[in-house]
There are 2 protein chains.
Amino acid sequence: MARRPTIIDVARLAGVSKSTAARAMSDSAEVNDATREKVRKAALAAGYERNHLAVGMRSGRSGLFGLVIPDIANPFWAEVARGAQDLVAAHDASLLVFSSDWDHEREASHLRALRQARVEGAIVNPVSDSVDEFGRFGLPFVLIGSSAERFPDTPSIGSDIRQAVRLGLDHLEQMGHRSPALILGPKSRLARARFLRSVHEHCLERDIDPASLSVESADYTVEGGFSAMQRLLEQQRDAHLTVFCANDLMALGAMMAARVAGRECPRDVSVLGFDGVPAGAFSWPGLTTIEKPARELGRRAAEALFDHLAGRALDGRTYLPCRLIERGSLADLRVVTPLRIAGGGRT
Amino acid sequence: MARRPTIIDVARLAGVSKSTAARAMSDSAEVNDATREKVRKAALAAGYERNHLAVGMRSGRSGLFGLVIPDIANPFWAEVARGAQDLVAAHDASLLVFSSDWDHEREASHLRALRQARVEGAIVNPVSDSVDEFGRFGLPFVLIGSSAERFPDTPSIGSDIRQAVRLGLDHLEQMGHRSPALILGPKSRLARARFLRSVHEHCLERDIDPASLSVESADYTVEGGFSAMQRLLEQQRDAHLTVFCANDLMALGAMMAARVAGRECPRDVSVLGFDGVPAGAFSWPGLTTIEKPARELGRRAAEALFDHLAGRALDGRTYLPCRLIERGSLADLRVVTPLRIAGGGRT
DNA sequence: ATGAAAGCGCTAACAT
DNA sequence: ATGTTAGCGCTTTCAT
């Protein structure tokens with residue numbers, strides 16, 4: 001196969017110097033319109049395509065960006081990746097995607113790979129607790145997700161958990177559910193603390209003792225939600241059990257546990273999710289949930305990165321609002337007894 | 001911030017020449033063990049990390065690979081991406097991921113980006129019908145998915161649709177369903193023809209007239225499956241309606257349509273899916289389906305690419321087997337009347 | 001086994 | 001507006 005044509009071939013073909021040809025190809029420079037046309041034509045004829053490696057080497061701009069997320073196969077993160085990808089592609093750049101699997105070492109190794117590829121910047125959902133790790137990263141980066149709150153000095157994008165929790169609790173209250181049980185993530189995750197704090201705020205404003213809420217912990221998986229729900233069903237006091245889950249997967253697991261226990265949703269139990277994964281639309285009943293703007297999160301993170309690189313001001317941490325998706329997993333308890341939770345069911 | 005250390009800094013620190021230092025860092029070369037250690041230590045002390053742009057430029061090996069799929073936000077393709085990613089990362093390389101959205105132009109533009117980034121090779125699920133497009137691609141590549149069959153001369157990986165369809169039809173037969181209705185993809189897709197051909201083969205072996213099967217077309221979406229199912233329900237002849245869908249999303253849509261029409265699954269209708277998307281596990285009843293080995297598909301495609309690059313022989317087109325996942329969307333009609341389809345229900 | 005020197009393809013001064 | 005020259009950081013002959 002013939003050697004790839006270089007800028008020199010193009011220059012020769014167009015009858016100009018190497019630099020003129022280069023200038024014509026990177027349109028920004030000051031070149032005569034006629035010359036530019038001539039060069040463009042020659043480039044097309046030769047089948048020339050700029051070598052980004054060489055460009056990056058000389059100019060320091062590789063046209064490469066990095067994305068490190070826990071798992072691209074997780075629908076939420078896939079959406080985030082898609083958002084970032086779209087914006088990066090719009091800037092004629094490319095995105096290197098890595099999955100860390102919530103693993104410290106893997107994360108570190110991916111960050112190293114990004115540095116070696118000389119990416120211009122990266123978007124990272126950090127696994128690490130250590131600020132040092134990122135201090136040493138040595139590249140412009142934007143954090144994404146709740147754990148980014150550990151790094152207050154770094155630009156970051158996340159969903160507004162406080163607003164989301166209040167949205168959920170307000171809706172629950174409107175439907176007549178006063179003090180839902182909670183299925184939360186592991187104690188180690190910062191997102192859990194954020195979630196719980198917002199619940200407490202909400203309760204205190206309404207003179208509900210936060211300590212009266214049943215709280216179960218799980219690991220954000222369907223199985224975890226399933227067993228957490230089993231525990232809640234065992235210790236259940238009220239006739240109708242309402243559960244607010246910290247993510248959709250656990251909520252789906254909780255619904256399955258209820259069904260296995262012979263309880264019907266939403267007649268006997270109500271479940272509210274958090275995330276907005278597609279699967280929630282196919283469960284029966286459909287999962288009412290609070291949707292995080294995943295794709296927008298990715299978009300905005302990429303945007304923030306480009307802003308940062310362009311030297312534009314950054315507004316530190318940005319929180320994106322979530323929205324409620326009503327499907328059918330919540331009972332309407334209003335008509336029965338507005339304040340007291342009694343035997344549920346509609347009408 | 002201080003300038004990034006180069007191989008020259010390391011060489012100076014180790015008291016050797018540039019080339020010796022480079023050799024020590026790219027371990028393959030013949031260097032004295034003691035020298036290598038010395039250089040390694042110096043590199044660590046200096047915080048040196050190889051510049052892959054420079055390496056790629058000089059050696060022609062960029063350490064970059066490309067993946068072009070329809071949509072990373074689609075769970076199936078996300079799994080494929082994950083598989084490819086894992087294998088590429090295991091080779092100390094990085095993966096550039098692009099979503100084409102089944103759009104010709106976008107695909108072309110992404111391929112151009114890959115060429116400019118000087119990827120060593122790419123994995124592509126082609127949108128294009130034209131072989132030319134890829135002939136001009138000018139890079140080693142591996143195709144993935146059914147439409148790859150348009151390119152018989154190119155190494156490609158796909159799931160074994162023939163085996164999958166037979167697996168499904170055999171299982172259906174065992175459960176007492178003799179001639180299922182079909183909800184297929186658009187007529188333009190090669191996968192549809194593949195699917196249909198396998199169904200015909202199966203029918204002919206059993207003296208069933210393929211023309212007697214009801215066939216509906218949809219666009220692989222939930223909404224498409226929903227309306228296709230509505231059409232089937234209208235024209236329904238037998239007491240129990242069995243549908244084999246060409247993908248899970250349409251199957252999920254079909255189940256919803258049945259529910260809306262007041263038909264219970266699996267008592268009144270049976271639905272068999274194809275893909276193995278996570279959402280199928282959460283529907284009620286759970287969707288019985290044929291799972292494609294998505295992650296393995298990605299892995300194997302990447303493997304094939306590396307084999308190709310290493311000059312190892314390629315076995316042309318590879319078909320990966322699918323497996324049946326039994327959940328609860330299929331009625332057991334055996335006990336009622338093994339041959340004749342009558343009013344369904346279990347036991 | 002190591003060093004010296006050339007050069008990958010491009011851009012960024014510096015000339016003109 | 002265009003040409004000339006140097007050099008980004010590395011690998012790779014070719015010496016030694």
# chains A, B, ... in the order shown; residues from 1 in each chain; ligands from 1
>>> residues_around(residues="Arg3 of chain A", least_positions_apart="2", cutoff="12 Å", atoms="only C-alpha atoms (C1' of nucleotides)", output="PDB file with C-alpha atoms, in the first residue's frame")
ATOM      1  CA  MET A   1       0.000   0.000   0.000  1.00  0.00           C
ATOM      2  CA  PRO A   5       0.547  11.633   1.726  1.00  0.00           C
ATOM      3  CA  THR A   6       2.024  14.329   3.965  1.00  0.00           C
ATOM      4  CA  ASP A   9       3.214  16.170  -0.905  1.00  0.00           C
ATOM      5  CA  ALA A  46      -3.691  13.639  -2.934  1.00  0.00           C
ATOM      6  CA  GLY A  47      -6.109  12.177  -0.391  1.00  0.00           C
ATOM      7  CA  TYR A  48      -4.281  14.054   2.313  1.00  0.00           C
TER       8      TYR A  48
ATOM      9  CA  GLY B  60       3.853   4.287  13.629  1.00  0.00           C
ATOM     10  CA  GLY B 138      -7.217   2.552   4.609  1.00  0.00           C
TER      11      GLY B 138
END
>>> closest_atom_pairs(of="chain D", to="chain B", cutoff="7 Å", atoms="only C-alpha atoms (C1' of nucleotides)", output="Markdown table")
| residue | atom | partner | partner_atom | distance |
| --- | --- | --- | --- | --- |
| D:DG9 | C1' | B:Ala54 | CA | 5.2 |
| D:DC10 | C1' | B:Ala54 | CA | 5.0 |
| D:DT11 | C1' | B:Arg58 | CA | 5.7 |
>>> write_last_selection(atoms="C-alpha atoms (C1' of nucleotides)", output="mmCIF file, in the first residue's frame")
data_model
loop_
_atom_site.group_PDB
_atom_site.id
_atom_site.type_symbol
_atom_site.label_atom_id
_atom_site.label_comp_id
_atom_site.auth_asym_id
_atom_site.auth_seq_id
_atom_site.Cartn_x
_atom_site.Cartn_y
_atom_site.Cartn_z
ATOM 1 C "C1'" DG D 9 10.004 13.634 22.006
ATOM 2 C "C1'" DC D 10 10.751 9.741 20.569
ATOM 3 C "C1'" DT D 11 12.654 5.355 17.908
#
>>> interface_residues(of="chain C", to="chain A", cutoff="9 Å", atoms="only C-alpha atoms (C1' of nucleotides)", output="VMD selection string")
chain C and resid 8 to 12
>>> write_last_selection(atoms="C-alpha atoms (C1' of nucleotides)", output="compact mmCIF listing (two decimals), in the first residue's frame")
# COMPACT_ATOMS: atom_id res chain seq x y z
C1' DC C 8 8.69 10.79 11.77
C1' DG C 9 4.93 15.22 10.09
C1' DC C 10 3.87 19.03 11.62
C1' DT C 11 3.70 24.13 13.53
C1' DA C 12 5.78 28.30 15.14
>>> interface_residues(of="chain A", to="chain B", cutoff="9 Å", atoms="only C-alpha atoms", output="MDAnalysis selection string")
chainID A and resid 1 49:54 56:57 62:64 71:82 85:86 89 92:99 110 112:118 138 252:253 256 278:286
>>> residues_around(residues="DG3 of chain D", least_positions_apart="6", cutoff="9 Å", atoms="only C-alpha atoms (C1' of nucleotides)", output="ChimeraX atom specification")
/A:16-20 /C:15-16
